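S.K.: Structure: model_38.txt, compact mmCIF, C-alpha atoms.
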# COMPACT_ATOMS: atom_id res chain seq x y z
CA MET A 1 -72.64 109.52 -79.67
CA THR A 2 -71.02 111.28 -76.72
CA ALA A 3 -68.79 114.32 -76.54
CA PRO A 4 -65.06 113.76 -76.19
CA THR A 5 -63.80 114.13 -72.65
CA THR A 6 -60.12 114.83 -73.29
CA SER A 7 -58.89 118.40 -72.84
CA PRO A 8 -56.95 120.19 -75.58
CA THR A 9 -53.62 121.81 -74.83
CA THR A 10 -54.88 125.25 -75.83
CA ALA A 11 -58.06 127.13 -75.03
CA PRO A 12 -60.40 128.26 -77.82
CA THR A 13 -59.41 131.55 -79.46
CA ILE A 14 -61.13 134.09 -81.69
CA ALA A 15 -58.77 133.06 -84.51
CA GLY A 16 -59.86 129.46 -83.99
CA VAL A 17 -63.52 130.49 -84.07
CA ALA A 18 -62.96 132.34 -87.34
CA ALA A 19 -61.27 129.27 -88.82
CA THR A 20 -64.20 127.08 -87.77
CA LEU A 21 -66.63 129.52 -89.40
CA ALA A 22 -64.57 129.39 -92.60
CA ALA A 23 -64.70 125.58 -92.52
CA LEU A 24 -68.49 125.70 -92.13
CA ARG A 25 -68.85 128.04 -95.10
CA ALA A 26 -66.62 125.80 -97.21
CA ARG A 27 -68.54 122.63 -96.35
CA ARG A 28 -72.12 124.02 -96.42
CA PRO A 29 -73.44 121.33 -94.08
CA LEU A 30 -77.01 120.06 -94.26
CA VAL A 31 -78.66 120.52 -90.86
CA HIS A 32 -81.77 118.49 -90.07
CA ASN A 33 -84.08 120.42 -87.73
CA ILE A 34 -87.04 119.12 -85.78
CA THR A 35 -87.99 122.45 -84.27
CA ASN A 36 -91.03 124.42 -83.23
CA TYR A 37 -93.48 126.32 -85.40
CA VAL A 38 -92.34 129.71 -84.15
CA ALA A 39 -88.66 129.09 -84.90
CA MET A 40 -88.69 127.42 -88.31
CA THR A 41 -88.32 130.46 -90.55
CA VAL A 42 -85.84 132.30 -88.34
CA SER A 43 -83.75 129.14 -87.89
CA ALA A 44 -83.70 128.45 -91.61
CA ASN A 45 -82.64 132.01 -92.41
CA VAL A 46 -79.90 131.93 -89.76
CA LEU A 47 -78.53 128.69 -91.20
CA LEU A 48 -78.54 130.08 -94.73
CA SER A 49 -76.77 133.24 -93.54
CA LEU A 50 -74.06 131.15 -91.89
CA GLY A 51 -73.51 129.19 -95.08
CA ALA A 52 -75.35 126.01 -94.07
CA SER A 53 -78.34 124.28 -95.66
CA PRO A 54 -81.48 123.94 -93.50
CA ALA A 55 -83.96 121.08 -93.63
CA MET A 56 -87.15 121.14 -91.57
CA VAL A 57 -88.12 117.46 -91.54
CA HIS A 58 -90.61 116.30 -88.92
CA ALA A 59 -92.50 113.29 -90.28
CA GLY A 60 -91.75 110.14 -88.34
CA GLU A 61 -91.91 108.16 -91.57
CA GLU A 62 -88.77 109.84 -92.95
CA VAL A 63 -86.66 111.14 -90.07
CA GLU A 64 -84.56 107.98 -89.83
CA ASP A 65 -83.79 108.04 -93.54
CA PHE A 66 -82.93 111.73 -93.31
CA ALA A 67 -80.42 111.03 -90.54
CA GLY A 68 -78.29 109.28 -93.13
CA ILE A 69 -78.38 112.34 -95.41
CA ALA A 70 -77.86 115.19 -92.95
CA ASP A 71 -74.55 116.27 -91.45
CA ALA A 72 -76.10 117.13 -88.09
CA LEU A 73 -79.44 117.01 -86.28
CA VAL A 74 -81.07 119.63 -84.04
CA ILE A 75 -84.06 118.70 -81.87
CA ASN A 76 -86.05 121.52 -80.25
CA ILE A 77 -89.03 120.57 -78.04
CA GLY A 78 -90.77 123.94 -78.22
CA THR A 79 -94.04 122.67 -79.71
CA LEU A 80 -94.78 119.09 -78.72
CA SER A 81 -97.33 116.52 -79.85
CA GLY A 82 -97.39 112.74 -79.77
CA PRO A 83 -96.29 112.23 -83.40
CA TRP A 84 -93.55 114.84 -83.10
CA ILE A 85 -92.20 113.26 -79.92
CA GLU A 86 -92.06 109.89 -81.66
CA ALA A 87 -90.26 111.49 -84.62
CA MET A 88 -87.77 113.18 -82.29
CA LEU A 89 -86.94 109.92 -80.53
CA ARG A 90 -86.56 108.03 -83.80
CA ALA A 91 -84.38 110.74 -85.31
CA ALA A 92 -82.12 110.95 -82.25
CA ALA A 93 -81.70 107.19 -82.08
CA ALA A 94 -80.83 107.08 -85.78
CA ALA A 95 -78.31 109.91 -85.44
CA ASP A 96 -76.62 108.14 -82.54
CA ARG A 97 -76.57 104.85 -84.46
CA LEU A 98 -75.03 106.53 -87.52
CA ALA A 99 -72.55 108.58 -85.43
CA LYS A 100 -74.08 111.85 -86.62
CA PRO A 101 -73.77 114.70 -84.10
CA TRP A 102 -77.03 115.96 -82.68
CA LEU A 103 -78.12 118.74 -80.34
CA LEU A 104 -80.97 118.90 -77.84
CA ASP A 105 -82.73 122.20 -77.10
CA PRO A 106 -84.93 121.38 -74.05
CA VAL A 107 -87.33 124.31 -74.40
CA ALA A 108 -89.14 124.97 -71.10
CA ALA A 109 -87.99 121.69 -69.58
CA GLY A 110 -89.47 121.42 -66.11
CA ALA A 111 -92.56 123.46 -66.97
CA THR A 112 -94.84 120.44 -67.56
CA ARG A 113 -94.56 116.70 -67.12
CA LEU A 114 -94.73 116.15 -70.89
CA ARG A 115 -91.78 118.47 -71.49
CA SER A 116 -89.76 117.00 -68.65
CA ASP A 117 -90.38 113.41 -69.75
CA THR A 118 -89.57 114.21 -73.38
CA ALA A 119 -86.39 116.12 -72.54
CA LEU A 120 -85.16 113.33 -70.27
CA ALA A 121 -85.95 110.61 -72.84
CA LEU A 122 -84.02 112.54 -75.47
CA LEU A 123 -81.11 113.18 -73.12
CA ARG A 124 -80.76 109.41 -72.71
CA LEU A 125 -80.20 109.16 -76.48
CA LYS A 126 -76.87 110.96 -76.08
CA PRO A 127 -76.94 114.43 -77.66
CA VAL A 128 -73.41 115.74 -78.09
CA VAL A 129 -74.59 119.23 -77.11
CA VAL A 130 -77.45 120.47 -74.93
CA ARG A 131 -78.25 124.16 -75.48
CA GLY A 132 -80.57 126.02 -73.14
CA ASN A 133 -81.12 129.00 -70.89
CA ALA A 134 -80.53 128.96 -67.16
CA GLY A 135 -83.96 127.70 -66.14
CA GLU A 136 -83.91 124.93 -68.74
CA ILE A 137 -80.43 123.71 -67.84
CA MET A 138 -81.17 123.79 -64.11
CA ALA A 139 -84.40 121.86 -64.62
CA LEU A 140 -82.79 119.26 -66.90
CA ALA A 141 -79.88 118.78 -64.51
CA ASP A 142 -82.37 118.14 -61.73
CA LEU A 143 -84.38 115.71 -63.85
CA ALA A 144 -81.22 113.82 -64.79
CA GLY A 145 -80.14 113.57 -61.16
CA ALA A 146 -77.07 115.66 -61.93
CA ALA A 147 -77.72 118.47 -59.47
CA ALA A 148 -79.75 119.34 -56.40
CA ALA A 149 -83.36 120.35 -56.97
CA ALA A 150 -83.57 123.74 -58.65
CA ASP A 151 -85.75 126.52 -57.33
CA ALA A 152 -89.28 125.85 -58.60
CA GLU A 153 -89.42 129.40 -59.91
CA ALA A 154 -86.41 128.88 -62.19
CA SER A 155 -88.31 127.37 -65.11
CA ARG A 156 -91.95 128.40 -65.48
CA GLY A 157 -91.88 128.56 -69.26
CA VAL A 158 -89.82 129.51 -72.27
CA ASP A 159 -88.18 132.57 -70.73
CA SER A 160 -85.61 131.87 -68.07
CA LEU A 161 -86.20 133.48 -64.68
CA ALA A 162 -82.61 132.94 -63.57
CA GLY A 163 -79.38 134.45 -64.90
CA SER A 164 -76.94 132.13 -66.62
CA GLU A 165 -74.44 132.52 -63.77
CA ALA A 166 -76.90 130.83 -61.39
CA ALA A 167 -76.89 127.72 -63.58
CA VAL A 168 -73.17 127.27 -64.22
CA ALA A 169 -72.79 124.62 -61.51
CA ALA A 170 -75.83 122.77 -62.86
CA ALA A 171 -74.40 122.94 -66.39
CA VAL A 172 -71.10 121.43 -65.27
CA ALA A 173 -72.89 118.70 -63.33
CA LEU A 174 -75.17 117.91 -66.28
CA ALA A 175 -72.22 117.72 -68.67
CA ARG A 176 -70.45 115.26 -66.38
CA GLN A 177 -73.54 113.18 -65.72
CA ALA A 178 -74.71 112.93 -69.33
CA GLY A 179 -71.32 112.88 -71.05
CA THR A 180 -72.28 115.86 -73.18
CA VAL A 181 -71.34 119.47 -73.83
CA VAL A 182 -73.68 122.03 -72.27
CA ALA A 183 -74.11 125.43 -73.90
CA LEU A 184 -75.72 127.72 -71.34
CA THR A 185 -76.98 131.01 -72.73
CA GLY A 186 -77.82 134.30 -71.08
CA ALA A 187 -76.30 137.75 -70.66
CA THR A 188 -73.00 135.87 -70.59
CA ASP A 189 -72.87 132.50 -72.31
CA TYR A 190 -70.98 129.46 -71.02
CA VAL A 191 -69.83 126.21 -72.62
CA THR A 192 -68.67 123.24 -70.55
CA ASP A 193 -67.92 119.58 -71.06
CA GLY A 194 -67.56 119.00 -67.34
CA THR A 195 -63.79 119.46 -67.35
CA ARG A 196 -63.51 122.78 -69.18
CA LEU A 197 -65.56 125.96 -68.87
CA ILE A 198 -65.49 128.91 -71.27
CA ALA A 199 -67.36 132.19 -70.72
CA ILE A 200 -68.40 133.96 -73.92
CA ALA A 201 -69.19 137.67 -73.99
CA GLY A 202 -71.30 139.19 -76.74
CA GLY A 203 -74.90 139.63 -77.76
CA HIS A 204 -77.24 142.54 -77.14
CA ALA A 205 -79.93 143.43 -74.63
CA LEU A 206 -82.57 143.42 -77.39
CA MET A 207 -82.08 139.75 -78.24
CA PRO A 208 -84.47 138.35 -75.57
CA LEU A 209 -87.19 140.65 -76.98
CA SER A 210 -87.24 138.91 -80.37
CA THR A 211 -88.83 135.47 -80.48
CA ALA A 212 -87.03 132.37 -81.79
CA LEU A 213 -83.50 133.76 -81.60
CA GLY A 214 -82.50 131.22 -78.94
CA CYS A 215 -83.95 128.38 -81.01
CA ALA A 216 -82.11 129.69 -84.06
CA LEU A 217 -78.88 129.64 -82.03
CA SER A 218 -79.43 125.94 -81.46
CA ALA A 219 -79.82 125.47 -85.21
CA ALA A 220 -76.61 127.44 -85.77
CA THR A 221 -74.76 125.28 -83.27
CA GLY A 222 -75.90 122.23 -85.22
CA ALA A 223 -74.18 123.64 -88.30
CA PHE A 224 -70.90 124.05 -86.41
CA LEU A 225 -71.18 120.47 -85.14
CA ALA A 226 -70.69 119.32 -88.74
CA VAL A 227 -67.18 120.79 -88.87
CA ALA A 228 -65.79 120.71 -85.31
CA PRO A 229 -65.84 118.59 -82.13
CA PRO A 230 -68.78 119.38 -79.82
CA PHE A 231 -66.96 121.64 -77.34
CA GLU A 232 -65.21 123.69 -80.01
CA ALA A 233 -68.37 123.78 -82.14
CA ALA A 234 -70.46 125.14 -79.27
CA VAL A 235 -67.87 127.80 -78.41
CA ALA A 236 -67.63 128.88 -82.05
CA ALA A 237 -71.40 128.99 -82.51
CA LEU A 238 -72.01 131.08 -79.40
CA ALA A 239 -69.15 133.46 -80.19
CA VAL A 240 -70.23 134.01 -83.81
CA TYR A 241 -73.88 134.38 -82.86
CA GLY A 242 -73.08 136.71 -79.97
CA ALA A 243 -70.91 138.91 -82.18
CA ALA A 244 -73.63 139.04 -84.82
CA GLY A 245 -76.20 139.86 -82.14
CA ALA A 246 -74.09 142.78 -80.92
CA VAL A 247 -73.81 144.17 -84.44
CA ALA A 248 -77.51 143.62 -85.15
CA GLY A 249 -78.63 145.21 -81.90
CA ALA A 250 -76.60 148.33 -82.61
CA ARG A 251 -78.45 148.66 -85.91
CA CYS A 252 -81.86 148.60 -84.19
CA PRO A 253 -82.01 151.75 -82.02
CA GLY A 254 -85.80 151.83 -82.17
CA GLY A 255 -86.44 148.30 -80.91
CA ALA A 256 -86.22 144.63 -81.79
CA GLY A 257 -88.67 144.48 -84.69
CA HIS A 258 -85.98 144.24 -87.36
CA LEU A 259 -83.50 142.31 -85.24
CA PRO A 260 -83.85 138.88 -86.96
CA ALA A 261 -83.11 140.38 -90.38
CA GLU A 262 -80.19 142.42 -89.05
CA LEU A 263 -78.86 139.32 -87.29
CA CYS A 264 -78.89 137.35 -90.53
CA ASP A 265 -77.10 140.18 -92.36
CA ALA A 266 -74.48 140.31 -89.61
CA LEU A 267 -73.94 136.54 -89.77
CA LEU A 268 -73.50 136.68 -93.53
CA ALA A 269 -70.84 139.40 -93.21
CA MET A 270 -69.10 138.00 -90.11
CA ASP A 271 -65.30 138.03 -90.20
CA GLU A 272 -62.44 137.68 -87.75
CA ALA A 273 -62.11 141.43 -87.16
CA THR A 274 -65.77 141.70 -86.15
CA LEU A 275 -65.44 138.64 -83.94
CA ALA A 276 -62.46 140.18 -82.19
CA ALA A 277 -64.33 143.45 -81.66
CA GLN A 278 -67.68 142.01 -80.55
CA ALA A 279 -67.02 138.69 -78.78
CA GLY A 280 -64.76 137.63 -75.92
CA LEU A 281 -63.65 134.20 -74.70
CA THR A 282 -62.51 133.60 -71.12
CA GLU A 283 -61.40 130.23 -69.79
CA ILE A 284 -62.55 129.55 -66.21
CA ALA A 285 -60.83 126.95 -64.05
CA LEU A 286 -63.02 124.19 -62.64
Translate the structure described by the file into structure tokens.

M.R.:
Amino acid sequence: MTAPTTSPTTAPTIAGVAATLAALRARRPLVHNITNYVAMTVSANVLLSLGASPAMVHAGEEVEDFAGIADALVINIGTLSGPWIEAMLRAAAAADRLAKPWLLDPVAAGATRLRSDTALALLRLKPVVVRGNAGEIMALADLAGAAAAADAEASRGVDSLAGSEAAVAAAVALARQAGTVVALTGATDYVTDGTRLIAIAGGHALMPLSTALGCALSAATGAFLAVAPPFEAAVAALAVYGAAGAVAGARCPGGAGHLPAELCDALLAMDEATLAAQAGLTEIAL
């Protein structure tokens, strides 16, 4: 299943994001996650706070059956093993076959051959959204042949060593090459389908200091995929999450220890007024 390539007549708005969030809460989508050990609890709590239902289903023997039950699939390659890779590939193929939207989070793509090979194999199974940080998106674009070779220092592990702005061109190229939407996250977030580019302001400086919040954002984006087209879903997810992150960070003056709990509380209480105050959307011409 590939992302639509036609452009809407109007750019995403905060009011539109709020309406998409309301649709998510009304539907309560079931989101199938194949994610890493570190992120499972945080991702599940984030999904519950948004109004979605999380399922952490990893066994290869049942992932294809679960694709028929879930509203969306999120695959995160943070902790890999042979059986999990097989389950990921089977789940992605089933989601594509059943026209269920699915998201790829290529954690630390480019860091090892196993990660690179797995991310590229999954990319070929047509995720409707790819969500990653600058280093991950630059590495995946290079692996897919969508961009010139990235600086070898850009992706040495989970934490990106490049700002999101450095990867915007790679994100656009990857979106065009793979026929997907790319959600590029950093101090400023970007969403592109190769023809449109939206910059999203929000978040808080403490967020990179709390583990699994990026992975949980991928899970959240999966929930929005159940109620909106990929581009609009990614914009809504990043705007809502960024606004909640800004609120949560302001409540943690002593550090990031309580940030995941505050983030979930902020997501649960999110409304259009808070979105307008804490998130910003800017369309950028390509």

S.K.: Env of region 211-214 of chain A: 8 Å cut, atoms = all atoms listed in the file, seq-sep filter 4 positions within chain, self excluded. Answer as a PyMOL selection string.

M.R.: chain A and resi 38-39+42-43+207+218+260

S.K.: Which of these, A:His58, A:His32, A:Arg131, A:Arg196, has the shortest distance to Ala108 (chain A) once you count all atoms listed in the file?

M.R.: A:Arg131

S.K.: Compile the contact shell of region 92-99 of chain A as a ChimeraX atom specification: residues with an atom at most 9 Å away, counting all atoms listed in the file, same-chain residues fewer than 5 positions apart removed.

M.R.: /A:1-2,63-65,67-68,72-75,87,122,125-127

S.K.: Considering all atoms listed in the file, can you say which of A:Leu21, A:Ile85, A:Ala183, A:Ile69 comes closest to Ser49 (chain A)?

M.R.: A:Leu21

S.K.: Write out as a list in words which residues come within 12 Å of Gly16 (chain A) when counting only C-alpha atoms, dropping same-chain ones fewer than 6 positions away.

M.R.: Thr10, Ala22, Ala23, Ala228, Glu232, Ala233, Val235, Ala236, Ala237, Ala239, Val240, Asp271, Glu272, Leu275, Ala276 and Leu281 of chain A

S.K.: Give me, please, the distance in Å between CA of Gly257 (chain A) and CA of Glu136 (chain A), quoted to one decimal.

M.R.: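 These two atoms are separated by 25.7 Å.
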
S.K.: List as a list in words the protein and nucleic acid residues near Ala201 (chain A), meaning an atom at most 7 Å away when only C-alpha atoms are counted, but skip any in the same chain fewer than 3 places from it.

M.R.: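 Residues near the query, excluding close chain neighbours: Thr188, Asp189, Ala279, Gly280 and Leu281 of chain A.
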
S.K.: Out of A:Leu104, A:Ala248, A:Ala234, A:Ile14, which residue has the shortest atom-to-atom distance to Leu206 (chain A) when counting only C-alpha atoms?

M.R.: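 Result for the nearest residue to Leu206 (chain A): A:Ala248.
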
S.K.: I'd like the neighbourhood of region 170-172 of chain A as an MDAnalysis selection string, where a residue qualifies if any of its atoms comes within 12 Å (using all atoms listed in the file), though same-chain residues fewer than 6 positions away should be ignored.

M.R.: chainID A and resid 129:151 164 178:185 189:198 284:286

S.K.: Which distance in Å separates CA of Asn33 (chain A) and CA of Met88 (chain A), to one decimal?

M.R.: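 It comes out at 9.8 Å.
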